[in-house]
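Data block for input_9.cif (mmCIF, C-alpha atoms and all ligand atoms):
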data_upload
#
loop_
_atom_site.label_atom_id
_atom_site.label_comp_id
_atom_site.auth_asym_id
_atom_site.auth_seq_id
_atom_site.Cartn_x
_atom_site.Cartn_y
_atom_site.Cartn_z
CA MET A 1 9.61 -9.54 8.91
CA ILE A 2 13.29 -10.42 8.46
CA ILE A 3 14.80 -13.30 6.50
CA TYR A 4 18.31 -14.00 7.78
CA GLY A 5 20.90 -15.20 5.27
CA LYS A 6 24.61 -15.89 5.29
CA ASN A 7 25.91 -12.50 4.17
CA ILE A 8 22.68 -10.54 3.83
CA ASN A 9 19.33 -10.14 5.52
CA MET A 10 16.10 -9.25 3.80
CA ARG A 11 13.61 -7.24 5.82
CA THR A 12 10.28 -5.90 4.67
CA VAL A 13 10.32 -2.20 3.80
CA LYS A 14 9.35 0.44 6.31
CA LEU A 15 8.09 3.98 5.82
CA LYS A 16 11.58 5.29 6.58
CA ASP A 17 12.87 3.48 3.45
CA ALA A 18 10.92 5.83 1.16
CA LYS A 19 13.96 7.99 0.46
CA PHE A 20 16.18 4.95 -0.18
CA ILE A 21 13.66 3.48 -2.64
CA TYR A 22 13.25 6.86 -4.29
CA ASP A 23 17.03 7.27 -4.63
CA MET A 24 17.45 3.76 -6.02
CA ARG A 25 14.74 4.35 -8.60
CA GLN A 26 16.40 7.62 -9.64
CA ASN A 27 19.36 5.67 -11.03
CA LEU A 28 18.55 5.93 -14.72
CA THR A 29 20.97 3.25 -15.88
CA LYS A 30 19.81 0.67 -13.37
CA THR A 31 16.10 1.35 -13.80
CA LYS A 32 16.22 1.34 -17.59
CA TYR A 33 14.35 -1.97 -17.64
CA LEU A 34 12.07 -1.33 -14.66
CA SER A 35 8.69 0.36 -14.84
CA LYS A 36 8.59 4.03 -13.96
CA ILE A 37 7.26 4.85 -10.52
CA ASP A 38 5.74 7.96 -8.96
CA SER A 39 8.43 10.50 -8.60
CA SER A 40 8.61 11.95 -5.11
CA VAL A 41 9.56 10.73 -1.67
CA LYS A 42 6.08 11.66 -0.47
CA GLN A 43 4.43 9.55 -3.17
CA GLN A 44 6.78 6.74 -2.28
CA GLU A 45 5.62 6.98 1.33
CA ASN A 46 2.01 6.73 0.19
CA TRP A 47 2.89 3.70 -1.87
CA ILE A 48 4.57 2.04 1.16
CA ASN A 49 1.53 2.74 3.31
CA ASN A 50 -0.74 1.05 0.79
CA TYR A 51 1.73 -1.78 0.38
CA LYS A 52 1.80 -2.40 4.15
CA ALA A 53 -1.90 -3.35 4.02
CA ARG A 54 -1.09 -5.92 1.33
CA GLU A 55 1.85 -7.21 3.36
CA GLU A 56 -0.42 -7.61 6.38
CA LYS A 57 -2.68 -9.84 4.27
CA LYS A 58 0.39 -11.76 2.97
CA GLU A 59 -0.43 -10.71 -0.58
CA GLU A 60 2.90 -9.07 -1.29
CA PHE A 61 6.37 -8.71 0.24
CA TYR A 62 8.74 -5.89 -0.54
CA PHE A 63 12.21 -6.39 0.91
CA VAL A 64 15.20 -4.22 1.56
CA ILE A 65 18.33 -6.31 1.04
CA GLU A 66 20.78 -5.41 3.80
CA SER A 67 24.32 -6.31 4.78
CA LYS A 68 24.84 -7.92 8.17
CA GLY A 69 25.90 -4.45 9.31
CA ASN A 70 22.47 -3.12 8.26
CA GLU A 71 23.71 -1.23 5.22
CA ARG A 72 20.96 -1.09 2.61
CA LEU A 73 22.19 -2.84 -0.55
CA GLY A 74 19.09 -3.28 -2.66
CA LEU A 75 15.44 -4.10 -3.11
CA VAL A 76 13.35 -7.03 -4.27
CA ARG A 77 9.60 -7.64 -4.35
CA MET A 78 7.36 -10.73 -4.35
CA TYR A 79 3.84 -10.15 -5.65
CA ASP A 80 1.02 -11.40 -7.92
CA PHE A 81 0.43 -14.51 -5.84
CA GLN A 82 -1.56 -17.03 -7.86
CA GLU A 83 -2.85 -20.52 -7.05
CA ASP A 84 0.54 -22.23 -7.13
CA SER A 85 2.87 -19.53 -8.42
CA PHE A 86 4.40 -16.28 -7.21
CA CYS A 87 5.93 -13.46 -9.19
CA TRP A 88 9.04 -11.58 -8.19
CA GLY A 89 10.81 -8.51 -9.50
CA SER A 90 11.53 -4.84 -8.83
CA TRP A 91 14.97 -6.28 -8.19
CA LEU A 92 17.61 -3.61 -7.83
CA ILE A 93 21.06 -3.78 -6.27
CA LYS A 94 23.30 -0.85 -5.49
CA ASP A 95 26.59 -0.37 -7.31
CA GLY A 96 29.43 -1.55 -5.13
CA ALA A 97 27.36 -4.15 -3.24
CA PRO A 98 29.25 -7.40 -2.57
CA LYS A 99 29.30 -9.78 -5.58
CA THR A 100 27.26 -12.44 -3.81
CA THR A 101 24.29 -10.12 -3.13
CA ALA A 102 22.43 -10.96 -6.35
CA ILE A 103 22.66 -14.74 -6.00
CA GLU A 104 21.98 -14.71 -2.30
CA SER A 105 18.91 -12.51 -2.62
CA ALA A 106 17.55 -14.68 -5.45
CA LEU A 107 18.09 -17.80 -3.31
CA GLN A 108 16.29 -16.20 -0.39
CA VAL A 109 13.36 -15.21 -2.58
CA TYR A 110 13.01 -18.81 -3.75
CA GLU A 111 13.48 -20.29 -0.28
CA PHE A 112 10.74 -18.08 1.10
CA GLY A 113 8.47 -18.50 -1.93
CA PHE A 114 8.76 -22.28 -2.13
CA TYR A 115 9.13 -23.26 1.53
CA GLY A 116 7.80 -20.29 3.49
CA LEU A 117 4.76 -19.64 1.31
CA ASN A 118 4.57 -23.12 -0.27
CA PHE A 119 4.32 -22.09 -3.91
CA LYS A 120 5.21 -24.75 -6.47
CA GLN A 121 6.63 -22.36 -9.02
CA SER A 122 7.57 -18.80 -9.79
CA HIS A 123 6.75 -16.59 -12.78
CA PHE A 124 8.39 -13.33 -13.77
CA ASP A 125 9.06 -11.21 -16.79
CA VAL A 126 12.26 -9.61 -17.94
CA ARG A 127 12.45 -6.84 -20.49
CA LYS A 128 13.96 -7.74 -23.82
CA GLY A 129 17.41 -6.17 -23.96
CA ASN A 130 18.09 -6.71 -20.25
CA GLU A 131 20.67 -9.29 -21.24
CA LYS A 132 22.49 -9.53 -17.94
CA VAL A 133 19.31 -10.36 -16.06
CA ILE A 134 18.04 -12.72 -18.77
CA SER A 135 21.27 -14.72 -18.54
CA PHE A 136 21.17 -14.61 -14.73
CA HIS A 137 17.77 -16.35 -14.74
CA LYS A 138 18.77 -18.82 -17.44
CA ARG A 139 21.88 -19.81 -15.47
CA PHE A 140 19.64 -20.39 -12.49
CA GLY A 141 17.60 -22.81 -14.58
CA ALA A 142 14.51 -20.73 -15.32
CA ASN A 143 12.78 -21.25 -18.68
CA VAL A 144 11.33 -18.74 -21.08
CA VAL A 145 7.74 -19.87 -21.63
CA SER A 146 6.53 -17.02 -23.83
CA GLU A 147 7.41 -13.60 -25.13
CA ASP A 148 5.89 -10.50 -26.63
CA ASP A 149 7.40 -7.34 -28.11
CA VAL A 150 8.44 -6.08 -24.68
CA ASN A 151 9.18 -9.03 -22.39
CA TYR A 152 10.36 -12.56 -21.99
CA TYR A 153 8.12 -14.49 -19.59
CA PHE A 154 9.95 -16.92 -17.34
CA ARG A 155 8.89 -19.85 -15.21
CA PHE A 156 10.95 -21.56 -12.54
CA THR A 157 9.70 -24.58 -10.61
CA GLU A 158 10.50 -25.70 -7.09
CA GLU A 159 11.65 -29.00 -8.57
CA ARG A 160 14.17 -27.21 -10.80
CA TYR A 161 15.23 -25.07 -7.85
CA ARG A 162 16.18 -28.20 -5.89
CA THR A 163 18.53 -29.20 -8.72
CA THR A 164 20.00 -25.70 -8.94
CA LYS A 165 20.73 -25.67 -5.24
CA GLU A 166 22.75 -28.87 -5.52
CA ILE A 167 25.11 -27.52 -8.19
C1 LIG A 201 19.27 -7.40 -11.46
C2 LIG A 201 20.41 -7.15 -10.53
C3 LIG A 201 19.89 -6.98 -9.12
C4 LIG A 201 21.34 -8.39 -10.58
O1 LIG A 201 22.50 -8.15 -9.81
P1 LIG A 201 23.96 -8.28 -10.45
O2 LIG A 201 24.94 -8.08 -9.36
O3 LIG A 201 24.05 -7.42 -11.64
O4 LIG A 201 23.96 -9.81 -10.88
P2 LIG A 201 25.02 -10.55 -11.79
O5 LIG A 201 24.29 -11.16 -12.93
O6 LIG A 201 26.21 -9.70 -12.08
O7 LIG A 201 25.44 -11.73 -10.80
C5 LIG A 201 26.32 -11.48 -9.71
C6 LIG A 201 27.46 -12.47 -9.77
O8 LIG A 201 26.95 -13.76 -9.61
C7 LIG A 201 27.37 -14.59 -10.68
N1 LIG A 201 26.28 -15.53 -10.98
C8 LIG A 201 25.06 -15.22 -11.43
N2 LIG A 201 24.30 -16.31 -11.53
C9 LIG A 201 25.07 -17.34 -11.14
C10 LIG A 201 24.86 -18.73 -10.99
N3 LIG A 201 23.70 -19.31 -11.29
N4 LIG A 201 25.87 -19.50 -10.55
C11 LIG A 201 27.05 -18.95 -10.25
N5 LIG A 201 27.32 -17.63 -10.34
C12 LIG A 201 26.33 -16.84 -10.78
C13 LIG A 201 27.63 -13.64 -11.82
O9 LIG A 201 28.54 -14.19 -12.74
C14 LIG A 201 28.19 -12.45 -11.09
O10 LIG A 201 29.56 -12.62 -10.80
P3 LIG A 201 30.67 -11.83 -11.65
O11 LIG A 201 30.37 -10.39 -11.46
O12 LIG A 201 31.93 -12.29 -11.03
O13 LIG A 201 30.47 -12.28 -13.05
C15 LIG A 201 21.24 -5.90 -10.94
O14 LIG A 201 21.86 -6.12 -12.19
C16 LIG A 201 20.40 -4.65 -11.04
O15 LIG A 201 20.20 -3.93 -10.07
N6 LIG A 201 19.91 -4.37 -12.29
C17 LIG A 201 19.09 -3.23 -12.59
C18 LIG A 201 17.61 -3.48 -12.36
C19 LIG A 201 17.05 -4.64 -13.14
O16 LIG A 201 17.24 -4.78 -14.33
N7 LIG A 201 16.36 -5.52 -12.42
C20 LIG A 201 15.78 -6.72 -12.92
C21 LIG A 201 14.43 -6.47 -13.45
S1 LIG A 201 13.69 -8.02 -13.88
#

If you took the structure in this file and wrote it as structure tokens, what would it be?
Ligand SMILES: CC(C)(COP(=O)(O)OP(=O)(O)OC[C@H]1O[C@@H](n2cnc3c(N)ncnc32)[C@H](O)[C@@H]1OP(=O)(O)O)[C@@H](O)C(=O)NCCC(=O)NCCS
Amino acid sequence: MIIYGKNINMRTVKLKDAKFIYDMRQNLTKTKYLSKIDSSVKQQENWINNYKAREEKKEEFYFVIESKGNERLGLVRMYDFQEDSFCWGSWLIKDGAPKTTAIESALQVYEFGFYGLNFKQSHFDVRKGNEKVISFHKRFGANVVSEDDVNYYFRFTEERYRTTKEI
């Protein structure tokens, strides 16, 4: 599946992306606030194979964010689909990607989540200390609804998204 945007496309991951995902997750600075994943390209391939079954059932979507010239710029995942809410995360963008990549990929996630999959809201957690990402979500209009020692838990509604899109 491919979601076509203005400057980027988001296509669901393929087996051949295992090395790209592995390389992205090797970046210790960027993955400081992401959970650790199995550490080999082979294990990554296994993970993609298992994921593909979930994608088939529309339970989860893992996207490669690409430039219009098909250069891989990053990754983002939509998962934990509940009654009226979806979770997103595993969001990772390569150094040197165009400035608009973050905002555009977030917008595409919400467009697909709210209008493609018809969820009414989104939930996600961000590690405490991940200040840049916390402020990104707050600027977008997401609210912190709870917290524990490790995370802030955010909620963002479709209604709020409509307002954000206008400004
Ligand atoms: C999370 C991640 C993908 C976000 O991408 P990013 O490029 O760092 O995002 P930024 O917050 O810098 O936003 C990009 C630009 O959009 C701007 N922007 C962000 N939100 C905006 C908004 N609501 N309105 C207008 N501009 C906005 C920012 O100011 C920034 O522009 P600038 O560089 O000129 O200041 C990236 O930081 C990353 O890979 N982080 C490591 C992994 C991680 O922590 N993932 C999240 C786990 S929850």

Would you please work out which residue, of A:Ala97, A:Ala142, A:Val13, A:Leu92, is nearest to ligand LIG 201 (chain A) when using all atoms listed in the file?
-> A:Leu92

Enumerate as number ranges by chain the residues within 6 Å of ligand LIG 201 (chain A), counting all atoms listed in the file.
-> A: 30-31, 33-34, 89-93, 99-100, 102-103, 126, 132-133, 136, 139-140

Non-local contacts of range 42-46 of chain A (7 Å; only C-alpha atoms; under 6 positions in same chain excluded) as a PyMOL selection string = chain A and resi 15+18+22

Which residues, written as a list in words, have at least one atom at most 10 Å from Cys87 in chain A, with all atoms listed in the file counted and residues fewer than 6 positions away on the same chain left out?
-> Glu60, Arg77, Met78, Tyr79, Asp80, Phe81, Gly113, Gln121, Ser122, His123, Phe124, Asp125, Phe154 and Arg155 of chain A

Long-range neighbours of Ile8 in chain A as a ChimeraX atom specification, 6 Å cut-off, all atoms listed in the file, 6 positions minimum in chain = /A:66-68

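For the residues A:Ile37, A:Ile48, A:Ile21, A:Val64, ranking by smallest atom-to-atom distance to Met1 in chain A using only C-alpha atoms places A:Val64 first.
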
Restricting to only C-alpha atoms, whichever of A:Asp95, A:His137, A:Arg162, A:Asp149 is closest to Asn27 in chain A is A:Asp95

Contact residues around range 104-110 of chain A with only C-alpha atoms at 8 Å, ignoring same-chain residues under 2 positions, as a ChimeraX atom specification | /A:3,5,7-8,10,65,76,78,88,100-102,112-115,161

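Comparing the minimum interatomic distances between Lys19 in chain A and each of A:Lys52, A:Asp84, A:Glu159, A:Arg72, counting only C-alpha atoms, we find that A:Arg72 sits nearest.
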
For range 112-127 of chain A, take all atoms listed in the file, fit an axis-aligned box around them, add 4 Å to each of the six sides, then output centre and edge lengths in Å rounded to one decimal, as JSON.
{"center_x": 8.4, "center_y": -15.8, "center_z": -8.5, "size_x": 16.1, "size_y": 25.9, "size_z": 32.0}
